[in-house]
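Pasted below: input_36.tsv, TSV, C-alpha atoms.
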```tsv
chain	number	residue	atom	x	y	z
A	1	MET	CA	-15.57	-7.35	-35.36
A	2	MET	CA	-15.47	-8.75	-31.83
A	3	ASP	CA	-12.63	-11.12	-32.70
A	4	THR	CA	-10.66	-8.19	-34.07
A	5	LEU	CA	-11.17	-6.19	-30.88
A	6	VAL	CA	-10.14	-9.14	-28.72
A	7	SER	CA	-7.01	-9.60	-30.83
A	8	VAL	CA	-6.11	-5.91	-30.52
A	9	PHE	CA	-6.64	-6.00	-26.75
A	10	LYS	CA	-4.48	-9.10	-26.34
A	11	ASN	CA	-1.68	-7.61	-28.42
A	12	ASN	CA	-1.78	-4.35	-26.46
A	13	GLY	CA	-2.40	-5.70	-23.00
A	14	LEU	CA	-0.32	-3.14	-21.11
A	15	LEU	CA	-2.00	-0.20	-22.86
A	16	LEU	CA	-5.40	-1.69	-22.10
A	17	SER	CA	-4.44	-2.10	-18.46
A	18	PHE	CA	-3.52	1.59	-18.19
A	19	ALA	CA	-6.84	2.51	-19.81
A	20	LEU	CA	-8.77	0.24	-17.45
A	21	ILE	CA	-7.02	1.64	-14.38
A	22	GLY	CA	-7.74	5.13	-15.67
A	23	VAL	CA	-11.46	4.35	-15.93
A	24	ILE	CA	-11.51	2.86	-12.42
A	25	MET	CA	-9.75	5.93	-11.02
A	26	TYR	CA	-12.18	8.27	-12.79
A	27	VAL	CA	-15.18	6.39	-11.43
A	28	SER	CA	-13.64	6.23	-7.96
A	29	TYR	CA	-12.97	9.95	-7.72
A	30	PHE	CA	-16.43	10.68	-9.13
A	31	LEU	CA	-18.01	8.52	-6.43
A	32	SER	CA	-15.79	10.13	-3.80
A	33	ALA	CA	-16.88	13.63	-4.81
A	34	LYS	CA	-20.57	12.95	-5.37
A	35	LEU	CA	-21.39	10.37	-2.70
A	36	THR	CA	-19.00	11.19	0.14
A	37	ARG	CA	-18.13	14.83	-0.65
A	38	GLY	CA	-14.48	13.90	-0.47
A	39	ARG	CA	-14.62	12.42	3.02
A	40	ILE	CA	-13.60	9.03	1.63
A	41	HIS	CA	-10.70	9.56	-0.73
A	42	GLY	CA	-10.96	8.34	-4.31
A	43	SER	CA	-7.86	6.17	-3.88
A	44	ALA	CA	-9.57	4.18	-1.13
A	45	ILE	CA	-12.59	3.56	-3.35
A	46	ALA	CA	-10.29	2.62	-6.24
A	47	ILE	CA	-8.50	-0.01	-4.13
A	48	ILE	CA	-11.82	-1.52	-3.06
A	49	LEU	CA	-13.09	-1.58	-6.66
A	50	GLY	CA	-9.81	-3.10	-7.83
A	51	LEU	CA	-10.00	-5.88	-5.27
A	52	PHE	CA	-13.61	-6.56	-6.21
A	53	VAL	CA	-12.81	-6.72	-9.93
A	54	ALA	CA	-9.84	-8.99	-9.23
A	55	TYR	CA	-12.10	-11.27	-7.19
A	56	LEU	CA	-14.62	-11.48	-10.02
A	57	GLY	CA	-11.85	-12.25	-12.50
A	58	GLY	CA	-10.42	-15.05	-10.38
A	59	LEU	CA	-13.87	-16.41	-9.63
A	60	ASN	CA	-14.76	-16.49	-13.31
A	61	THR	CA	-11.60	-18.29	-14.44
A	62	GLY	CA	-10.71	-20.28	-11.34
A	63	GLY	CA	-7.23	-18.84	-11.62
A	64	GLU	CA	-4.81	-17.27	-9.19
A	65	LYS	CA	-4.03	-13.90	-10.76
A	66	GLY	CA	-7.41	-12.25	-10.58
A	67	LEU	CA	-8.37	-10.24	-13.64
A	68	ALA	CA	-5.02	-11.04	-15.29
A	69	ASP	CA	-6.21	-14.65	-15.78
A	70	ILE	CA	-8.57	-13.35	-18.48
A	71	GLY	CA	-6.67	-13.16	-21.76
A	72	ILE	CA	-7.52	-9.61	-22.80
A	73	PHE	CA	-6.59	-8.32	-19.34
A	74	ALA	CA	-3.24	-10.10	-19.11
A	75	GLY	CA	-1.50	-6.72	-19.14
A	76	ILE	CA	-2.80	-6.14	-15.62
A	77	GLY	CA	-0.36	-8.82	-14.46
A	78	ILE	CA	2.53	-6.87	-15.99
A	79	MET	CA	1.36	-3.51	-14.69
A	80	GLY	CA	0.92	-4.89	-11.18
A	81	GLY	CA	4.01	-7.09	-11.30
A	82	GLY	CA	7.31	-6.86	-9.53
A	83	MET	CA	9.10	-4.87	-12.25
A	84	LEU	CA	6.86	-1.79	-12.09
A	85	ARG	CA	6.50	-2.21	-8.31
A	86	ASP	CA	10.25	-2.01	-7.82
A	87	PHE	CA	10.45	0.88	-10.27
A	88	ALA	CA	7.90	2.75	-8.17
A	89	ILE	CA	9.93	2.12	-5.03
A	90	VAL	CA	13.14	3.35	-6.64
A	91	SER	CA	11.49	6.42	-8.17
A	92	THR	CA	9.92	7.29	-4.81
A	93	ALA	CA	13.26	6.99	-3.09
A	94	PHE	CA	14.91	9.27	-5.66
A	95	GLY	CA	12.25	11.87	-4.93
A	96	ALA	CA	13.31	12.14	-1.29
A	97	SER	CA	16.31	13.84	0.24
A	98	PHE	CA	17.80	12.94	3.59
A	99	ASP	CA	18.23	16.64	4.32
A	100	GLU	CA	14.46	17.04	4.13
A	101	ILE	CA	13.86	14.55	6.92
A	102	LYS	CA	15.53	17.01	9.31
A	103	LYS	CA	12.43	19.17	8.97
A	104	ALA	CA	10.53	16.55	10.91
A	105	GLY	CA	12.84	16.96	13.87
A	106	VAL	CA	13.51	14.31	16.50
A	107	GLY	CA	9.81	13.48	16.71
A	108	GLY	CA	9.70	12.61	13.03
A	109	VAL	CA	12.72	10.32	13.27
A	110	ILE	CA	11.31	8.57	16.34
A	111	SER	CA	7.94	8.17	14.63
A	112	LEU	CA	9.62	6.42	11.69
A	113	PHE	CA	11.26	3.72	13.79
A	114	LEU	CA	8.32	3.42	16.17
A	115	GLY	CA	5.86	3.14	13.30
A	116	VAL	CA	7.81	0.37	11.54
A	117	ILE	CA	8.42	-1.60	14.74
A	118	VAL	CA	4.85	-1.39	16.07
A	119	SER	CA	3.31	-2.29	12.71
A	120	PHE	CA	5.67	-5.23	12.26
A	121	VAL	CA	5.04	-6.61	15.75
A	122	PHE	CA	1.27	-6.26	15.25
A	123	GLY	CA	1.49	-8.20	11.98
A	124	VAL	CA	3.59	-10.96	13.58
A	125	VAL	CA	1.07	-11.34	16.43
A	126	ILE	CA	-1.81	-11.65	13.95
A	127	ALA	CA	0.17	-14.20	11.91
A	128	LEU	CA	0.85	-16.25	15.03
A	129	ALA	CA	-2.84	-16.16	15.90
A	130	PHE	CA	-3.63	-17.68	12.51
A	131	GLY	CA	-1.15	-20.51	12.95
A	132	TYR	CA	1.99	-19.31	11.17
A	133	THR	CA	5.10	-20.25	13.15
A	134	ASP	CA	8.03	-20.17	10.72
A	135	ALA	CA	10.32	-17.15	10.55
A	136	VAL	CA	9.85	-16.56	6.82
A	137	SER	CA	6.06	-16.38	6.97
A	138	LEU	CA	6.01	-14.31	10.16
A	139	THR	CA	8.52	-11.82	8.76
A	140	THR	CA	6.70	-11.50	5.44
A	141	ILE	CA	3.25	-10.98	6.96
A	142	GLY	CA	4.71	-8.56	9.49
A	143	ALA	CA	6.36	-6.70	6.63
A	144	GLY	CA	3.03	-6.47	4.83
A	145	THR	CA	1.54	-4.83	7.89
A	146	VAL	CA	4.33	-2.26	7.67
A	147	THR	CA	3.17	-1.49	4.11
A	148	TYR	CA	1.96	-3.52	1.14
A	149	ILE	CA	5.20	-2.59	-0.66
A	150	VAL	CA	7.52	-3.82	2.09
A	151	GLY	CA	5.61	-7.13	2.22
A	152	PRO	CA	6.40	-8.45	-1.28
A	153	VAL	CA	9.90	-6.94	-1.23
A	154	THR	CA	10.64	-8.84	1.97
A	155	GLY	CA	8.92	-12.02	0.79
A	156	SER	CA	10.94	-12.05	-2.44
A	157	ALA	CA	14.18	-11.50	-0.54
A	158	ILE	CA	13.72	-14.28	2.03
A	159	GLY	CA	11.92	-16.84	-0.14
A	160	ALA	CA	8.33	-16.68	1.09
A	161	SER	CA	5.57	-18.59	-0.70
A	162	SER	CA	3.20	-16.79	-3.07
A	163	GLU	CA	0.29	-17.39	-0.66
A	164	VAL	CA	2.11	-15.72	2.23
A	165	MET	CA	3.16	-12.82	0.02
A	166	ALA	CA	-0.46	-12.38	-1.06
A	167	LEU	CA	-1.49	-12.23	2.61
A	168	SER	CA	1.18	-9.62	3.29
A	169	ILE	CA	-0.11	-7.45	0.44
A	170	ALA	CA	-3.68	-7.86	1.68
A	171	ALA	CA	-2.64	-6.75	5.17
A	172	GLY	CA	-1.00	-3.65	3.78
A	173	LEU	CA	-3.99	-2.83	1.60
A	174	VAL	CA	-6.36	-3.08	4.55
A	175	LYS	CA	-4.11	-0.69	6.48
A	176	SER	CA	-3.99	1.71	3.54
A	177	VAL	CA	-7.76	1.74	3.02
A	178	PHE	CA	-8.45	2.24	6.73
A	179	THR	CA	-5.94	5.09	6.85
A	180	MET	CA	-7.52	6.83	3.86
A	181	THR	CA	-11.03	6.33	5.17
A	182	PHE	CA	-10.73	7.22	8.84
A	183	THR	CA	-8.08	9.96	8.85
A	184	PRO	CA	-10.59	12.78	8.16
A	185	PHE	CA	-12.82	11.57	10.99
A	186	VAL	CA	-10.11	11.37	13.66
A	187	ALA	CA	-7.94	14.30	12.57
A	188	LYS	CA	-9.47	16.86	14.92
A	189	TYR	CA	-9.20	14.48	17.89
A	190	ILE	CA	-5.46	13.82	17.41
A	191	GLY	CA	-4.44	17.37	16.52
A	192	LEU	CA	-3.75	16.57	12.88
A	193	ASN	CA	-4.00	20.17	11.70
A	194	ASN	CA	-0.44	21.39	11.19
A	195	PRO	CA	2.71	20.39	9.27
A	196	GLN	CA	4.52	19.05	12.34
A	197	SER	CA	1.72	16.67	13.30
A	198	ALA	CA	1.40	15.58	9.64
A	199	LEU	CA	5.10	14.70	9.58
A	200	VAL	CA	4.73	12.55	12.68
A	201	PHE	CA	1.49	11.03	11.35
A	202	GLY	CA	3.21	9.97	8.13
A	203	GLY	CA	6.08	8.48	10.08
A	204	LEU	CA	3.82	6.46	12.38
A	205	LEU	CA	1.55	4.96	9.71
A	206	GLY	CA	3.90	4.97	6.76
A	207	THR	CA	1.52	3.81	4.06
A	208	THR	CA	2.23	6.55	1.53
A	209	SER	CA	-0.99	6.12	-0.45
A	210	GLY	CA	-3.07	5.87	2.71
A	211	VAL	CA	-1.46	8.87	4.38
A	212	ALA	CA	-1.62	11.00	1.22
A	213	GLY	CA	-5.24	10.07	0.58
A	214	GLY	CA	-6.29	10.60	4.17
A	215	LEU	CA	-4.54	13.95	4.46
A	216	ALA	CA	-5.94	15.08	1.09
A	217	ALA	CA	-9.43	14.49	2.43
A	218	THR	CA	-8.51	16.28	5.68
A	219	ASP	CA	-6.46	19.23	4.45
A	220	PRO	CA	-4.60	19.09	1.09
A	221	LYS	CA	-1.94	21.46	2.44
A	222	LEU	CA	-0.76	18.73	4.83
A	223	VAL	CA	-0.19	16.08	2.12
A	224	PRO	CA	3.48	16.93	1.28
A	225	TYR	CA	4.47	16.75	4.94
A	226	GLY	CA	2.83	13.41	5.66
A	227	ALA	CA	4.01	11.93	2.36
A	228	LEU	CA	7.57	12.99	3.13
A	229	THR	CA	8.00	10.86	6.24
A	230	ALA	CA	5.79	8.10	4.80
A	231	THR	CA	8.25	7.80	1.91
A	232	PHE	CA	11.18	7.41	4.29
A	233	TYR	CA	9.09	4.93	6.29
A	234	THR	CA	8.75	2.69	3.23
A	235	GLY	CA	12.45	2.90	2.50
A	236	LEU	CA	13.31	2.15	6.12
A	237	GLY	CA	10.99	-0.84	6.12
A	238	CYS	CA	12.49	-2.25	2.92
A	239	LEU	CA	15.94	-1.84	4.46
A	240	ILE	CA	15.58	-3.33	7.93
A	241	VAL	CA	12.68	-5.80	7.71
A	242	PRO	CA	14.23	-8.36	5.29
A	243	SER	CA	17.53	-8.11	7.13
A	244	LEU	CA	17.47	-7.12	10.80
A	245	PHE	CA	13.90	-8.16	11.60
A	246	PHE	CA	14.29	-11.45	9.74
A	247	ILE	CA	17.38	-12.27	11.80
A	248	VAL	CA	15.41	-11.57	14.98
A	249	MET	CA	12.53	-13.79	13.80
A	250	LYS	CA	14.95	-16.62	13.02
A	251	ALA	CA	16.38	-16.35	16.50
A	252	PHE	CA	12.95	-16.76	18.12
A	253	PHE	CA	11.26	-19.03	15.53
A	254	ALA	CA	14.04	-21.22	14.20
```

Can you give me the file's structure in the form of structure tokens?
Amino acid sequence: MMDTLVSVFKNNGLLLSFALIGVIMYVSYFLSAKLTRGRIHGSAIAIILGLFVAYLGGLNTGGEKGLADIGIFAGIGIMGGGMLRDFAIVSTAFGASFDEIKKAGVGGVISLFLGVIVSFVFGVVIALAFGYTDAVSLTTIGAGTVTYIVGPVTGSAIGASSEVMALSIAAGLVKSVFTMTFTPFVAKYIGLNNPQSALVFGGLLGTTSGVAGGLAATDPKLVPYGALTATFYTGLGCLIVPSLFFIVMKAFFA
């Protein structure tokens, strides 16, 4: 019986991965509602649980792909791989219209560029502090600080190592979790209570999942506005970090 189940799971790895993610999301949102009364968004809890499960999987097998190193969970590697990641980026971009960004006004446009630049510089400084001095590593880790999507996109484009790309994703995930968690607590102090401030907020932080989760826990009506500029932020990061920012890094860290 058990051998049959294992065989079915291995042959339907991608379906099992969707089911597993569904269970984790259900548990996460349940914990969010019952333990935190929605103050910590379910997505933040899900990311933490996912990282913990991946750690246990890698620890158990001594592998490098987390839970995907276990045979019956190999579909996780496909679901979280570059193909579906890039599909998500493209589908997100198709859901946005340049005409809509005008609703954010000049402040929204400035917040986009300022958010990407400040996040990137912060990531580069942290990378330097930990001993990275080559342009490829600095650009990739800086890109991860922009968002955990921009990190691997940049790393793949400029030839970063898998270890550096993993660090870039980790940096972006930390940013996303912190944004989800702390947005409801700081919202009243920064005037995050109207569509205009939500547009600027999304442009400054840019992590779409973090901004959406944080705004959902603050005021669900603000989510579309923050997500709008956050979506453009991701697209802007994927456009200028592997190209313009990488050229700048090569000039300073040849």

Requested in this report: May I have the residues within 12 Å of A:Leu244 as a ChimeraX atom specification, using all atoms listed in the file and disregarding those fewer than 5 positions away in the same chain?
Outcome: /A:117,139,143,154,158,236-239,249-251

Give one line per residue of stretch 94-199 of chain A that approaches stretch 214-220 of chain A to at most 10 Å, naming the two atoms of the closest pair and their distance in Å to one decimal, counting only C-alpha atoms; sort by chain then ascending residue number and deliver it as CSV.
```
residue,atom,partner,partner_atom,distance
A:Ser176,CA,A:Gly214,CA,9.2
A:Val177,CA,A:Gly214,CA,9.1
A:Phe178,CA,A:Gly214,CA,9.0
A:Thr179,CA,A:Gly214,CA,6.1
A:Met180,CA,A:Gly214,CA,4.0
A:Thr181,CA,A:Gly214,CA,6.5
A:Phe182,CA,A:Gly214,CA,7.3
A:Thr183,CA,A:Gly214,CA,5.1
A:Pro184,CA,A:Thr218,CA,4.8
A:Phe185,CA,A:Thr218,CA,8.3
A:Val186,CA,A:Thr218,CA,9.5
A:Ala187,CA,A:Thr218,CA,7.2
A:Lys188,CA,A:Thr218,CA,9.3
A:Leu192,CA,A:Thr218,CA,8.6
A:Asn193,CA,A:Asp219,CA,7.7
A:Asn194,CA,A:Asp219,CA,9.3
A:Ala198,CA,A:Leu215,CA,8.0
```

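Between atom CA of A:Gly203 and atom CA of A:Val136 lies a distance of 25.5 Å.
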
Report task. Report the distance between atom CA of A:Ala170 and atom CA of A:Thr229 in Å, rounded to one decimal place. Result ->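 If I compute the distance from atom CA of A:Ala170 to atom CA of A:Thr229, I get 22.5 Å.
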
Query raised in the report: A:Val164, A:Ala33, A:Ile76, A:Ile149: which is nearest A:Thr231, counting all atoms listed in the file?
Result: A:Ile149

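Straight-line separation from atom CA of A:Val23 to atom CA of A:Leu67: 15.1 Å.
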
Report summary line: Counting all atoms listed in the file, the residue among A:Gly226, A:Gly50, A:Gly235, A:Gly58 that lies closest to A:Val146 is A:Gly235

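Among the candidates A:Ala135, A:Ile70, A:Leu31, A:Ala44, the residue lying nearest to A:Val248 is A:Ala135 (atoms considered: all atoms listed in the file).
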
**Report entry** Nearby residues, (6.4, 9.7, 6.8) file frame, 8 Å, only C-alpha atoms, as a list in words
**Finding:**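 The distance filter leaves exactly Gly108, Leu112, Leu199, Val200, Phe201, Gly202, Gly203, Leu204, Leu205, Gly206, Thr208, Tyr225, Gly226, Ala227, Leu228, Thr229, Ala230, Thr231, Phe232 and Tyr233 of chain A.
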
Report task. Quick one: everything within 12 Å of A:Phe52, counting only C-alpha atoms, minus sequence neighbours fewer than 6 positions away in the same chain. Send it as a PyMOL selection string. Result -> chain A and resi 24+45-46+58-59+66-67

Query raised in the report: A:Val116, A:Ala212, A:Leu138, A:Leu20: which is nearest A:Gly42, counting all atoms listed in the file?
Result: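 Using all atoms listed in the file, A:Gly42 sits closest to A:Ala212.
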
Requested in this report: Check the smallest atom-to-atom distance from each of A:Met25, A:Ile40, A:Ala166, A:Ala171 to A:Gly123 using all atoms listed in the file, then report the winner.
Outcome: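 Nearest to A:Gly123: A:Ala171.
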
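The nearest approach to A:Gly213 among the residues A:Ser17, A:Ser137, A:Ser32, A:Ser43, with all atoms listed in the file taken into account, belongs to A:Ser43.
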
Would you fill the gaps in stretch 133-155 of chain A so it has N, CA and C atoms, then print it as a compact mmCIF listing (two decimals), in the coordinates of the input?
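Wrote it out as rebuild22.txt, contents follow:
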```txt
# COMPACT_ATOMS: atom_id res chain seq x y z
N THR A 133 4.06 -20.16 12.12
CA THR A 133 5.10 -20.25 13.15
C THR A 133 6.51 -20.20 12.59
N ASP A 134 6.68 -20.21 11.28
CA ASP A 134 8.03 -20.17 10.72
C ASP A 134 8.46 -18.72 10.52
N ALA A 135 9.76 -18.50 10.60
CA ALA A 135 10.32 -17.15 10.55
C ALA A 135 10.03 -16.44 9.24
N VAL A 136 10.06 -17.18 8.13
CA VAL A 136 9.85 -16.56 6.82
C VAL A 136 8.43 -16.01 6.70
N SER A 137 7.45 -16.82 7.06
CA SER A 137 6.06 -16.38 6.97
C SER A 137 5.76 -15.23 7.93
N LEU A 138 6.25 -15.36 9.15
CA LEU A 138 6.01 -14.31 10.16
C LEU A 138 6.63 -12.99 9.72
N THR A 139 7.85 -13.05 9.19
CA THR A 139 8.52 -11.82 8.76
C THR A 139 7.79 -11.19 7.58
N THR A 140 7.35 -12.01 6.63
CA THR A 140 6.70 -11.50 5.44
C THR A 140 5.35 -10.86 5.77
N ILE A 141 4.55 -11.53 6.58
CA ILE A 141 3.25 -10.98 6.96
C ILE A 141 3.43 -9.72 7.82
N GLY A 142 4.40 -9.76 8.72
CA GLY A 142 4.71 -8.56 9.49
C GLY A 142 5.14 -7.41 8.61
N ALA A 143 5.92 -7.72 7.58
CA ALA A 143 6.36 -6.70 6.63
C ALA A 143 5.18 -6.11 5.86
N GLY A 144 4.21 -6.96 5.53
CA GLY A 144 3.03 -6.47 4.83
C GLY A 144 2.23 -5.50 5.69
N THR A 145 2.23 -5.74 6.99
CA THR A 145 1.54 -4.83 7.89
C THR A 145 2.27 -3.50 7.98
N VAL A 146 3.57 -3.51 7.75
CA VAL A 146 4.33 -2.26 7.67
C VAL A 146 3.80 -1.45 6.48
N THR A 147 3.88 -2.02 5.29
CA THR A 147 3.17 -1.49 4.11
C THR A 147 3.06 -2.63 3.10
N TYR A 148 2.13 -2.47 2.15
CA TYR A 148 1.96 -3.52 1.14
C TYR A 148 3.09 -3.51 0.12
N ILE A 149 4.00 -2.56 0.18
CA ILE A 149 5.20 -2.59 -0.66
C ILE A 149 6.31 -3.37 0.04
N VAL A 150 6.48 -3.13 1.33
CA VAL A 150 7.52 -3.82 2.09
C VAL A 150 7.24 -5.32 2.13
N GLY A 151 5.97 -5.72 2.16
CA GLY A 151 5.61 -7.13 2.22
C GLY A 151 6.19 -7.96 1.08
N PRO A 152 5.85 -7.65 -0.18
CA PRO A 152 6.40 -8.45 -1.28
C PRO A 152 7.91 -8.29 -1.46
N VAL A 153 8.44 -7.12 -1.15
CA VAL A 153 9.90 -6.94 -1.23
C VAL A 153 10.59 -7.89 -0.26
N THR A 154 10.08 -7.95 0.96
CA THR A 154 10.64 -8.84 1.97
C THR A 154 10.44 -10.29 1.59
N GLY A 155 9.21 -10.64 1.17
CA GLY A 155 8.92 -12.02 0.79
C GLY A 155 9.82 -12.52 -0.32
```
